[in-house]
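Text of final29.cif (mmCIF, C-alpha atoms and all ligand atoms) as supplied:
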```cif
data_target
loop_
_atom_site.label_atom_id
_atom_site.label_comp_id
_atom_site.auth_asym_id
_atom_site.auth_seq_id
_atom_site.Cartn_x
_atom_site.Cartn_y
_atom_site.Cartn_z
CA MET F 1 108.13 107.25 75.26
CA LYS F 2 106.95 103.65 75.53
CA ILE F 3 104.33 102.55 78.02
CA ILE F 4 102.78 99.15 78.74
CA SER F 5 99.11 98.90 79.75
CA ILE F 6 98.35 95.82 81.81
CA ASN F 7 95.07 94.14 82.63
CA ALA F 8 95.72 91.27 85.03
CA GLY F 9 92.94 88.78 85.73
CA SER F 10 93.06 85.79 88.06
CA SER F 11 94.43 83.48 85.34
CA SER F 12 95.27 85.92 82.55
CA LEU F 13 97.38 88.94 81.76
CA LYS F 14 96.62 91.22 78.80
CA PHE F 15 99.09 93.82 77.63
CA SER F 16 99.42 96.59 75.07
CA LEU F 17 102.74 98.32 74.45
CA PHE F 18 102.24 101.88 73.19
CA ASN F 19 104.54 104.31 71.50
CA MET F 20 103.16 107.42 73.18
CA ASP F 21 104.77 109.75 70.64
CA ASP F 22 101.87 108.93 68.32
CA GLU F 23 99.78 106.66 70.61
CA SER F 24 100.31 103.71 68.27
CA VAL F 25 100.26 100.12 69.51
CA ILE F 26 103.67 98.52 69.01
CA ALA F 27 102.62 95.12 70.32
CA SER F 28 99.75 93.58 72.24
CA GLY F 29 98.82 90.19 73.54
CA LEU F 30 97.45 87.86 76.12
CA PHE F 31 98.84 85.31 78.56
CA GLU F 32 96.13 82.78 79.35
CA ARG F 33 95.45 79.91 81.75
CA ILE F 34 98.13 81.08 84.18
CA GLY F 35 98.50 78.42 86.90
CA LEU F 36 96.43 75.94 84.85
CA GLU F 37 97.04 73.15 82.33
CA GLY F 38 97.51 74.31 78.76
CA SER F 39 98.78 77.80 79.53
CA CYS F 40 99.82 79.82 76.50
CA TYR F 41 100.52 83.30 75.18
CA THR F 42 99.66 85.25 72.06
CA ILE F 43 101.65 88.27 70.94
CA LYS F 44 100.68 90.51 68.02
CA PHE F 45 103.23 92.86 66.51
CA HIS F 46 103.98 94.33 63.05
CA ASP F 47 101.07 92.41 61.41
CA GLU F 48 102.42 89.18 62.88
CA LYS F 49 100.80 86.98 65.49
CA ILE F 50 102.55 84.28 67.44
CA LYS F 51 100.93 81.81 69.76
CA GLU F 52 102.79 79.33 71.91
CA GLU F 53 101.98 76.92 74.69
CA VAL F 54 104.30 77.44 77.66
CA PRO F 55 104.10 76.49 81.31
CA LEU F 56 103.01 79.57 83.30
CA GLU F 57 102.92 78.80 86.99
CA ASN F 58 102.15 82.31 88.07
CA HIS F 59 101.91 85.93 86.89
CA GLY F 60 105.65 86.35 87.47
CA ASP F 61 106.32 83.71 84.79
CA ALA F 62 104.03 85.51 82.36
CA VAL F 63 105.77 88.87 82.90
CA LYS F 64 109.20 87.28 82.60
CA ILE F 65 108.32 85.66 79.27
CA LEU F 66 106.59 88.80 78.04
CA LEU F 67 109.68 90.93 78.66
CA GLU F 68 112.01 88.31 77.15
CA LYS F 69 109.83 88.07 74.04
CA LEU F 70 109.67 91.85 73.59
CA ILE F 71 113.45 91.73 73.23
CA SER F 72 113.91 88.44 71.33
CA LEU F 73 111.22 89.41 68.80
CA GLU F 74 113.04 92.76 68.43
CA ILE F 75 109.94 94.70 69.43
CA ILE F 76 112.23 96.71 71.72
CA LYS F 77 116.02 96.66 72.01
CA SER F 78 116.28 96.84 75.78
CA LEU F 79 113.98 96.98 78.80
CA ASP F 80 115.23 100.53 79.41
CA GLU F 81 112.91 101.59 76.58
CA ILE F 82 109.89 100.90 78.80
CA ASN F 83 109.23 104.21 80.54
CA GLY F 84 106.12 103.28 82.48
CA VAL F 85 103.61 100.56 83.28
CA GLY F 86 99.91 101.36 83.72
CA HIS F 87 97.73 98.83 85.51
CA ARG F 88 94.00 98.48 85.15
CA LEU F 89 92.71 98.21 88.72
CA VAL F 90 89.12 97.36 89.47
CA HIS F 91 88.00 98.53 92.89
CA GLY F 92 89.31 101.61 94.66
CA LYS F 93 86.14 102.13 96.76
CA ASP F 94 85.55 105.80 97.55
CA LYS F 95 89.22 106.39 98.40
CA TYR F 96 90.59 106.56 94.85
CA LYS F 97 89.00 109.35 92.84
CA GLU F 98 91.65 109.36 90.13
CA SER F 99 94.64 107.42 88.86
CA VAL F 100 97.62 107.11 91.22
CA VAL F 101 101.28 106.16 91.30
CA ILE F 102 101.34 102.64 92.72
CA THR F 103 102.86 102.49 96.20
CA ASP F 104 102.71 99.92 99.00
CA GLU F 105 99.66 101.76 100.31
CA VAL F 106 97.81 101.22 97.02
CA VAL F 107 98.67 97.52 97.03
CA ASN F 108 97.51 97.17 100.65
CA ASP F 109 94.27 98.99 99.86
CA LEU F 110 93.58 96.73 96.87
CA LEU F 111 93.83 93.76 99.20
CA GLU F 112 91.82 95.47 101.90
CA PHE F 113 89.01 96.17 99.39
CA LYS F 114 89.07 92.55 98.26
CA ALA F 115 85.56 91.82 99.50
CA PHE F 116 84.26 94.38 96.99
CA ALA F 117 85.91 92.72 93.96
CA PRO F 118 86.97 89.25 95.07
CA LEU F 119 88.01 88.04 91.62
CA HIS F 120 89.69 91.20 90.42
CA ASN F 121 91.54 93.06 93.18
CA PRO F 122 93.80 90.13 94.23
CA ALA F 123 94.52 89.43 90.54
CA ASN F 124 95.47 93.07 90.02
CA VAL F 125 97.95 92.76 92.89
CA LEU F 126 99.50 89.67 91.28
CA GLY F 127 100.08 91.72 88.12
CA ILE F 128 101.58 94.64 90.08
CA ASN F 129 103.92 92.40 92.09
CA ALA F 130 105.15 90.61 88.97
CA PHE F 131 106.07 93.91 87.30
CA ARG F 132 107.56 95.37 90.47
CA GLU F 133 109.92 92.43 90.56
CA ALA F 134 110.76 92.48 86.86
CA LEU F 135 111.04 96.26 86.40
CA PRO F 136 111.77 97.63 89.89
CA ASN F 137 112.80 101.10 88.72
CA VAL F 138 109.97 101.80 86.30
CA LEU F 139 107.09 104.10 87.27
CA MET F 140 103.83 102.25 87.76
CA VAL F 141 100.42 103.85 87.70
CA GLY F 142 97.07 102.39 88.78
CA VAL F 143 93.90 103.31 86.90
CA PHE F 144 90.73 102.32 88.74
CA ASP F 145 87.48 101.25 87.07
CA THR F 146 85.57 102.91 89.89
CA ALA F 147 87.43 106.25 89.96
CA PHE F 148 85.50 108.17 87.29
CA HIS F 149 82.23 107.57 89.14
CA GLN F 150 83.45 109.19 92.36
CA THR F 151 81.91 112.52 91.33
CA MET F 152 78.39 111.12 91.84
CA ASP F 153 76.53 112.86 94.66
CA GLU F 154 75.00 110.89 97.50
CA VAL F 155 71.55 111.06 95.96
CA SER F 156 72.97 109.03 93.08
CA TYR F 157 75.24 106.69 94.99
CA LEU F 158 73.19 105.84 98.08
CA TYR F 159 70.65 103.03 98.12
CA PRO F 160 67.45 103.57 100.09
CA VAL F 161 68.46 100.96 102.67
CA PRO F 162 69.39 101.34 106.36
CA TYR F 163 72.04 104.08 106.47
CA SER F 164 74.23 101.92 108.71
CA TRP F 165 74.79 99.53 105.77
CA TYR F 166 76.58 102.37 104.04
CA GLN F 167 78.34 103.72 107.12
CA ASP F 168 79.44 100.40 108.56
CA HIS F 169 79.89 98.25 105.47
CA GLY F 170 80.33 100.58 102.49
CA VAL F 171 77.09 99.52 100.80
CA ARG F 172 76.64 102.09 98.00
CA LYS F 173 76.81 102.39 94.25
CA TYR F 174 80.41 102.38 93.01
CA GLY F 175 79.98 101.98 89.26
CA PHE F 176 82.35 100.27 86.84
CA HIS F 177 83.73 100.71 83.29
CA GLY F 178 84.86 104.13 84.53
CA THR F 179 88.01 104.18 82.40
CA SER F 180 85.94 103.54 79.27
CA HIS F 181 83.34 106.19 80.14
CA ARG F 182 86.11 108.72 80.83
CA TYR F 183 87.75 107.89 77.50
CA ILE F 184 84.40 108.37 75.72
CA SER F 185 83.81 111.65 77.55
CA GLU F 186 87.21 113.00 76.45
CA MET F 187 86.84 111.72 72.88
CA ILE F 188 83.40 113.25 72.38
CA GLN F 189 84.60 116.57 73.81
CA LYS F 190 87.35 116.55 71.16
CA GLU F 191 85.01 115.39 68.40
CA VAL F 192 82.38 118.07 69.09
CA GLY F 193 84.98 120.68 70.04
CA LYS F 194 83.30 121.57 73.36
CA LYS F 195 83.94 120.68 77.01
CA ASP F 196 80.60 121.68 78.49
CA LEU F 197 78.54 118.80 77.17
CA LYS F 198 75.76 116.64 78.54
CA VAL F 199 76.65 113.13 77.44
CA ILE F 200 74.99 109.75 77.88
CA SER F 201 77.75 107.20 77.43
CA CYS F 202 76.50 103.69 76.61
CA HIS F 203 79.25 101.09 77.11
CA VAL F 204 77.41 98.03 75.86
CA GLY F 205 79.47 94.88 75.47
CA ASN F 206 79.04 91.50 77.07
CA GLY F 207 78.89 93.52 80.30
CA GLY F 208 77.29 96.93 79.95
CA SER F 209 76.77 100.21 81.74
CA ILE F 210 75.25 103.57 80.93
CA THR F 211 76.66 106.76 82.46
CA ALA F 212 75.29 110.29 82.64
CA ILE F 213 78.14 112.80 82.22
CA LYS F 214 78.00 116.58 82.62
CA ASP F 215 80.99 118.73 81.67
CA GLY F 216 83.26 115.67 81.80
CA LYS F 217 82.06 114.49 85.23
CA CYS F 218 79.98 111.43 86.08
CA ILE F 219 76.57 112.31 87.52
CA ASP F 220 75.13 108.79 87.69
CA THR F 221 75.82 105.33 86.31
CA SER F 222 73.82 102.15 85.89
CA MET F 223 76.10 99.58 87.52
CA GLY F 224 76.01 99.59 91.27
CA PHE F 225 77.58 97.95 94.29
CA THR F 226 78.70 95.27 91.83
CA PRO F 227 78.65 94.98 88.02
CA LEU F 228 75.45 92.91 88.27
CA ALA F 229 73.24 96.00 88.48
CA GLY F 230 71.79 98.22 85.75
CA ILE F 231 70.92 97.16 82.22
CA MET F 232 70.37 93.57 81.15
CA MET F 233 73.63 92.15 79.76
CA GLY F 234 74.97 89.11 77.87
CA THR F 235 74.63 86.74 80.83
CA ARG F 236 73.82 89.14 83.71
CA SER F 237 70.30 90.06 84.69
CA GLY F 238 70.89 93.71 85.52
CA ASP F 239 68.37 95.19 87.99
CA VAL F 240 65.90 92.69 89.46
CA ASP F 241 63.72 92.61 92.57
CA PRO F 242 66.03 91.24 95.32
CA SER F 243 63.19 89.17 96.82
CA ILE F 244 63.54 86.90 93.78
CA ILE F 245 66.77 85.62 95.30
CA THR F 246 65.26 84.17 98.48
CA TYR F 247 62.22 82.91 96.57
CA VAL F 248 64.35 80.98 94.03
CA MET F 249 66.59 79.71 96.83
CA GLU F 250 63.54 78.08 98.41
CA GLN F 251 62.03 76.83 95.15
CA GLU F 252 65.22 75.36 93.71
CA GLY F 253 67.00 74.41 96.94
CA LEU F 254 69.96 76.65 96.15
CA ASN F 255 72.02 78.84 98.43
CA ALA F 256 72.39 82.60 97.93
CA SER F 257 75.66 82.46 96.06
CA GLU F 258 74.29 79.81 93.69
CA VAL F 259 71.35 82.04 92.82
CA LEU F 260 73.68 85.02 92.40
CA ASP F 261 75.78 82.87 90.10
CA GLU F 262 72.71 82.25 87.93
CA LEU F 263 71.96 85.98 87.88
CA ASN F 264 75.57 86.61 86.78
CA LYS F 265 76.14 83.74 84.36
CA LYS F 266 72.83 82.35 83.14
CA SER F 267 70.61 85.39 82.81
CA GLY F 268 70.45 88.36 80.43
CA LEU F 269 70.37 87.57 76.70
CA LEU F 270 71.34 83.97 77.42
CA GLY F 271 68.64 83.52 80.07
CA LEU F 272 65.78 84.84 77.98
CA SER F 273 66.79 83.49 74.58
CA LEU F 274 67.86 80.05 75.89
CA LYS F 275 70.30 80.27 73.01
CA SER F 276 73.25 82.66 73.33
CA SER F 277 74.72 85.60 75.19
CA ASP F 278 75.99 87.06 71.92
CA MET F 279 73.84 89.66 70.21
CA ARG F 280 74.90 88.38 66.76
CA ASP F 281 73.24 85.03 67.51
CA ILE F 282 70.17 86.74 68.95
CA VAL F 283 69.68 88.90 65.84
CA ALA F 284 70.24 85.87 63.56
CA GLY F 285 67.73 83.86 65.60
CA MET F 286 65.23 86.69 65.44
CA GLU F 287 65.58 86.86 61.66
CA GLU F 288 64.81 83.14 61.52
CA GLY F 289 61.61 83.75 63.48
CA ASP F 290 62.81 82.53 66.91
CA GLU F 291 60.32 84.07 69.37
CA LYS F 292 62.64 83.81 72.39
CA CYS F 293 65.40 85.65 70.54
CA LYS F 294 62.91 88.37 69.64
CA LEU F 295 61.89 88.61 73.31
CA ALA F 296 65.54 88.85 74.41
CA PHE F 297 66.23 91.58 71.85
CA ASP F 298 63.10 93.54 72.81
CA LYS F 299 63.89 93.32 76.52
CA TYR F 300 67.55 94.22 76.06
CA THR F 301 66.86 97.28 73.94
CA ARG F 302 64.05 98.32 76.32
CA CYS F 303 66.44 98.20 79.31
CA VAL F 304 69.01 100.35 77.51
CA THR F 305 66.30 102.77 76.37
CA ASN F 306 64.98 103.12 79.91
CA TYR F 307 68.38 104.10 81.32
CA ILE F 308 69.03 106.58 78.51
CA ALA F 309 65.61 108.15 79.08
CA GLN F 310 66.22 108.32 82.85
CA TYR F 311 69.58 110.05 82.34
CA TYR F 312 68.13 112.38 79.71
CA VAL F 313 65.78 113.67 82.39
CA LEU F 314 68.50 113.72 85.09
CA LEU F 315 70.78 115.79 82.85
CA ASN F 316 67.86 118.04 81.89
CA GLY F 317 68.32 117.07 78.24
CA ALA F 318 71.38 115.68 76.50
CA ASP F 319 73.74 116.93 73.80
CA VAL F 320 75.13 113.55 72.79
CA ILE F 321 74.45 109.85 73.20
CA VAL F 322 77.52 107.71 72.52
CA PHE F 323 77.49 103.98 71.81
CA THR F 324 80.65 102.01 72.53
CA ALA F 325 82.05 98.48 73.30
CA GLY F 326 81.23 95.23 71.45
CA LEU F 327 77.54 95.81 70.83
CA GLY F 328 77.57 99.58 70.92
CA GLU F 329 80.31 99.74 68.30
CA ASN F 330 79.11 96.91 66.08
CA SER F 331 75.43 96.07 66.36
CA ILE F 332 73.52 98.09 63.79
CA PRO F 333 70.05 96.67 64.68
CA PHE F 334 70.65 97.25 68.40
CA ARG F 335 71.47 100.96 67.91
CA LYS F 336 68.61 101.40 65.47
CA ARG F 337 66.02 99.95 67.85
CA VAL F 338 67.24 101.93 70.88
CA CYS F 339 67.16 105.18 68.93
CA GLU F 340 63.70 104.38 67.52
CA ASN F 341 62.50 103.72 71.08
CA LEU F 342 63.71 107.25 71.94
CA SER F 343 61.91 108.95 69.04
CA SER F 344 59.49 110.78 71.34
CA LEU F 345 62.50 112.80 72.56
CA GLY F 346 63.16 113.91 68.96
CA ILE F 347 66.09 111.54 68.57
CA LYS F 348 66.50 110.42 64.96
CA ILE F 349 68.97 107.91 63.60
CA ASP F 350 70.15 108.02 59.97
CA ASP F 351 70.05 104.42 58.69
CA GLU F 352 72.79 105.01 56.16
CA LYS F 353 75.15 106.58 58.72
CA ASN F 354 74.25 103.86 61.23
CA ASN F 355 75.63 101.28 58.81
CA VAL F 356 78.99 101.43 60.57
CA MET F 357 81.08 99.12 62.76
CA GLY F 358 83.96 100.01 65.01
CA GLU F 359 84.76 103.52 63.84
CA ILE F 360 84.06 107.04 65.06
CA LYS F 361 80.93 108.27 63.35
CA LYS F 362 77.94 110.52 63.97
CA ILE F 363 74.93 108.34 63.19
CA SER F 364 72.05 110.72 63.96
CA SER F 365 70.21 112.73 61.29
CA ASP F 366 70.97 116.41 61.05
CA ASP F 367 67.53 117.24 62.50
CA SER F 368 67.90 114.92 65.53
CA SER F 369 67.34 116.69 68.87
CA VAL F 370 70.39 114.88 70.31
CA MET F 371 73.55 113.92 68.42
CA VAL F 372 74.21 110.19 68.42
CA TYR F 373 77.75 108.87 67.93
CA VAL F 374 79.58 105.58 67.68
CA ILE F 375 83.03 105.83 69.30
CA PRO F 376 85.24 102.75 69.77
CA THR F 377 86.45 102.65 73.34
CA ASP F 378 90.12 102.18 74.22
CA GLU F 379 90.68 101.56 77.92
CA GLU F 380 94.28 100.46 77.32
CA LEU F 381 95.13 103.79 75.69
CA MET F 382 93.41 105.70 78.51
CA ILE F 383 95.58 103.80 81.02
CA ALA F 384 98.72 104.58 78.98
CA ARG F 385 97.70 108.27 78.75
CA ASP F 386 97.28 108.46 82.54
CA THR F 387 100.68 106.82 83.02
CA LEU F 388 102.24 109.29 80.60
CA SER F 389 100.81 112.23 82.49
CA PHE F 390 102.53 111.04 85.68
CA LEU F 391 105.77 110.55 83.76
CA LYS F 392 105.52 114.11 82.55
CA GLY F 393 104.91 115.18 86.13
CA ALA F 394 101.42 116.51 85.38
P1 LIG C 401 83.31 92.56 77.20
O1 LIG C 401 82.26 93.16 78.05
O2 LIG C 401 83.57 91.12 77.52
O3 LIG C 401 84.56 93.42 77.05
P2 LIG C 401 82.85 93.25 74.42
O4 LIG C 401 82.82 94.72 74.60
O5 LIG C 401 83.98 92.66 73.66
O6 LIG C 401 82.65 92.47 75.77
O7 LIG C 401 81.48 92.83 73.70
C1 LIG C 401 81.20 91.53 73.33
C2 LIG C 401 79.78 91.45 72.81
O8 LIG C 401 79.59 92.40 71.76
C3 LIG C 401 79.45 90.11 72.17
O9 LIG C 401 78.99 89.18 73.14
C4 LIG C 401 78.36 90.47 71.19
O10 LIG C 401 77.10 90.43 71.83
C5 LIG C 401 78.66 91.90 70.82
N1 LIG C 401 79.24 92.02 69.47
C6 LIG C 401 80.53 91.95 69.12
N2 LIG C 401 80.68 92.10 67.79
C7 LIG C 401 79.44 92.25 67.29
C8 LIG C 401 78.90 92.42 65.98
N3 LIG C 401 79.68 92.47 64.92
N4 LIG C 401 77.57 92.56 65.86
C9 LIG C 401 76.78 92.50 66.95
N5 LIG C 401 77.20 92.33 68.19
C10 LIG C 401 78.51 92.21 68.37
#
```
What's the structure tokens form of this structure?
Ligand code: ADP
Amino acid sequence: MKIISINAGSSSLKFSLFNMDDESVIASGLFERIGLEGSCYTIKFHDEKIKEEVPLENHGDAVKILLEKLISLEIIKSLDEINGVGHRLVHGKDKYKESVVITDEVVNDLLEFKAFAPLHNPANVLGINAFREALPNVLMVGVFDTAFHQTMDEVSYLYPVPYSWYQDHGVRKYGFHGTSHRYISEMIQKEVGKKDLKVISCHVGNGGSITAIKDGKCIDTSMGFTPLAGIMMGTRSGDVDPSIITYVMEQEGLNASEVLDELNKKSGLLGLSLKSSDMRDIVAGMEEGDEKCKLAFDKYTRCVTNYIAQYYVLLNGADVIVFTAGLGENSIPFRKRVCENLSSLGIKIDDEKNNVMGEIKKISSDDSSVMVYVIPTDEELMIARDTLSFLKGA
């Protein structure tokens, strides 16, 4: 069985083609700058990588070229080999609690929920429509970023604001990165050999969220109504006092969306360090004695620590903490500091085991009160697995 996982953005389309017999990636790639000058695609397959500039007026062009290339590069012999297409979808509000077969209703809902994910939901629809046209008879499945978090109870998902904001306008915590947190939850269950686990899943990349999981179900998560909430991130502030927004509007003569833009794009590691949103640069700066980089590192690791500690209490103790995504998988000093910050809970990291990047590994000492793991996330595979389960009629 071969399945394509698709992640369509407003001007990009990422794909991975899986052989689901062994879950191997046959080919993967990216179509960039769709609808813009200098559009191009990159396709990786059999240790080869090709990159070419081509005009891409819309997502339909990208899908057409993708399918042509899969055949002309002999990655597949015919389009009939593609059994299913899984789409990463961002916002399903509280309607979509799990993955679904894509129907007209799903497409209409994505557009109806546009105000909740203005950049992503319309882009997801462009991706769906392009594949519907190119492969009209192939099963398509939608996998929502928000779905895994739908098991939160109202104590977790409601904000202490006028109830009518929730009732009339859907103001509540939705959570994001759900596909990654679900993948981590399933992987750690396999790794430990137990389903009834209390897990704190730390997806820490350029964007980041922490999720408390009990027996495979989300109990609470750090992102909120939008992905701006929760921990400090590469360029996002995470949680701040909302009164700052009106104060800075007055001081700087900005409007609300301009201030929100600064909270999304100029804050976090970048905002505090005045240098970079990339943890590698922050650690390098810190090692050279840059005080602002040290401050950014201290604040970042403190924010992550605080959420882990909060969820440790919420879960009434934890069995496992898992680090994943760009920083979680690769930043040795980041994991070390967070675990050291948690030492009062009896959490102990083994420096030798922590010397790992991008592979599944237990990094806690044998006498740690909580197991700590690094597990590389794989949202594309999770999307392909969900698509496969519909194909099998599960
Ligand atoms: P996104 O949220 O965009 O998917 P990623 O999960 O790819 O982001 O994470 C990207 C971030 O991960 C980078 O900005 C950087 O801070 C961090 N990162 C990636 N590789 C390393 C590394 N080798 N060491 C430290 N940090 C890393």
For chain F against ligand LIG 401 (chain C), with a cut-off of 7 Å and counting only C-alpha atoms and all ligand atoms, what is the closest atom pair and its distance in Å to one decimal for every residue that makes the cut, ordered by chain and number, as JSON lines?
```
{"residue": "F:Val204", "atom": "CA", "partner": "C:LIG401", "partner_atom": "O4", "distance": 6.5}
{"residue": "F:Gly205", "atom": "CA", "partner": "C:LIG401", "partner_atom": "O7", "distance": 3.4}
{"residue": "F:Asn206", "atom": "CA", "partner": "C:LIG401", "partner_atom": "O1", "distance": 3.8}
{"residue": "F:Gly207", "atom": "CA", "partner": "C:LIG401", "partner_atom": "O1", "distance": 4.1}
{"residue": "F:Gly208", "atom": "CA", "partner": "C:LIG401", "partner_atom": "O1", "distance": 6.5}
{"residue": "F:Gly234", "atom": "CA", "partner": "C:LIG401", "partner_atom": "O9", "distance": 6.2}
{"residue": "F:Ser277", "atom": "CA", "partner": "C:LIG401", "partner_atom": "O9", "distance": 5.9}
{"residue": "F:Asp278", "atom": "CA", "partner": "C:LIG401", "partner_atom": "O10", "distance": 3.5}
{"residue": "F:Met279", "atom": "CA", "partner": "C:LIG401", "partner_atom": "O10", "distance": 3.7}
{"residue": "F:Arg280", "atom": "CA", "partner": "C:LIG401", "partner_atom": "C9", "distance": 4.5}
{"residue": "F:Ala325", "atom": "CA", "partner": "C:LIG401", "partner_atom": "O4", "distance": 4.1}
{"residue": "F:Gly326", "atom": "CA", "partner": "C:LIG401", "partner_atom": "O8", "distance": 3.3}
{"residue": "F:Leu327", "atom": "CA", "partner": "C:LIG401", "partner_atom": "C5", "distance": 4.1}
{"residue": "F:Asn330", "atom": "CA", "partner": "C:LIG401", "partner_atom": "C8", "distance": 4.5}
{"residue": "F:Ser331", "atom": "CA", "partner": "C:LIG401", "partner_atom": "C9", "distance": 3.9}
```
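Using only C-alpha atoms, the contacts of Asn124 in chain F at a cut-off of 7 Å, with sequence neighbours closer than 6 positions omitted, comprise Ala8, Gly9 and Leu89 of chain F.
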**Q.** Atom-to-atom span, CA of Ala62 in chain F and CA of His177 in chain F, Å
**A.**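 A separation of 25.4 Å between them.
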Q: Compile the contact shell of range 344-350 of chain F as an NGL selection string: residues with an atom at most 8 Å away, counting all atoms listed in the file, same-chain residues fewer than 6 positions apart removed.
A: :F and (336 or 363-365 or 367-372)
Q | Of the listed residues F:Ile4, F:Met357, F:Leu272, F:Leu67, that which approaches Glu329 in chain F most closely, counting only C-alpha atoms | A | F:Met357
(Q) So that I can check the surroundings of range 44-50 of chain F, please list as a PyMOL selection string every protein, DNA and RNA residue that reaches within 8 Å of it, counting only C-alpha atoms and ignoring chain neighbours fewer than 4 positions away. (A) chain F and resi 26-29+75
**Q.** Residue among F:Asn306, F:Ala115, F:Leu13, F:Ala284 lying closest to His169 in chain F, counting all atoms listed in the file
**A.**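 Among F:Asn306, F:Ala115, F:Leu13, F:Ala284, it is F:Ala115 that comes nearest to His169 in chain F.
CA of Leu228 in chain F is positioned 13.3 Å from CA of Ile245 in chain F.
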Show me a table, sorted first by chain and then by increasing residue number, of the residues of range 93-142 of chain F having an atom at most 12 Å from range 179-191 of chain F, each with its shortest atom pair and the distance in Å to one decimal, counting all atoms listed in the file and written as CSV.
```
residue,atom,partner,partner_atom,distance
F:Lys97,CA,F:Thr179,CA,11.7
F:Glu98,CA,F:Thr179,CA,10.0
F:Ser99,CA,F:Thr179,CA,9.8
F:Gly142,CA,F:Thr179,CA,11.2
```
Okay, now the selection with C-alpha atoms, as a CSV table (one decimal), in the coordinates of the input?
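Ended up saving to out-v5.csv:
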```csv
chain,number,residue,atom,x,y,z
F,97,LYS,CA,89.0,109.4,92.8
F,98,GLU,CA,91.6,109.4,90.1
F,99,SER,CA,94.6,107.4,88.9
F,142,GLY,CA,97.1,102.4,88.8
```
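Between CA of Ile34 in chain F and CA of Phe15 in chain F there is a distance of 14.4 Å.
With distances taken over all atoms listed in the file, F:Tyr307 is the one residue among F:Phe18, F:Tyr307, F:Lys294, F:Asn341 lying closest to Ile231 in chain F.
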Q: Would you mind telling me which residue in F:Lys362, F:Asp281, F:Arg236, F:Tyr157 lies nearest to Leu260 in chain F when using only C-alpha atoms?
A: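 Answer, going by the shortest atom-to-atom distance: F:Arg236.
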Q) Using only C-alpha atoms, which of the listed residues (F:Ser267, F:Ser72, F:Asn7, F:Thr246) sits closest to Arg88 in chain F? A)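 Result for the nearest residue to Arg88 in chain F: F:Asn7.
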Q. Using all atoms listed in the file, which of F:His203, F:Arg335, F:Arg172, F:Lys2 sits nearest Ser78 in chain F?
A.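 Smallest distance to Ser78 in chain F is found for F:Lys2.
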Using the file's own x, y and z axes, so that the box edges lie along x, y and z, what centre and edge lengths in Å (one decimal) does a box around every listed atom of range 206-222 of chain F get when 6 Å is added on each side? Give it as lines of an AutoDock Vina configuration file.
```
center_x = 78.5
center_y = 105.1
center_z = 82.4
size_x = 21.4
size_y = 39.2
size_z = 22.6
```
Q: Find the spatial neighbours of range 308-312 of chain F, counting only C-alpha atoms, within a cut-off of 7 Å - ignore same-chain residues fewer than 4 positions away - and output them as number ranges by chain.
A: F: 200, 212, 304, 316-318
Go ahead and save the residues from that selection, with C-alpha atoms, as a PDB file, in the frame of the given file.
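Everything below was put into out.pdb:
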```
ATOM      1  CA  ILE F 200      74.990 109.750  77.880  1.00  0.00           C
ATOM      2  CA  ALA F 212      75.290 110.290  82.640  1.00  0.00           C
ATOM      3  CA  VAL F 304      69.010 100.350  77.510  1.00  0.00           C
ATOM      4  CA  ASN F 316      67.860 118.040  81.890  1.00  0.00           C
ATOM      5  CA  GLY F 317      68.320 117.070  78.240  1.00  0.00           C
ATOM      6  CA  ALA F 318      71.380 115.680  76.500  1.00  0.00           C
TER       7      ALA F 318
END
```
Q) Which residues come within 8 Å of range 222-227 of chain F, counting all atoms listed in the file, excluding same-chain residues fewer than 5 positions away, as a VMD selection string? A) chain F and resid 116 to 117 171 to 176 207 209 to 211 307
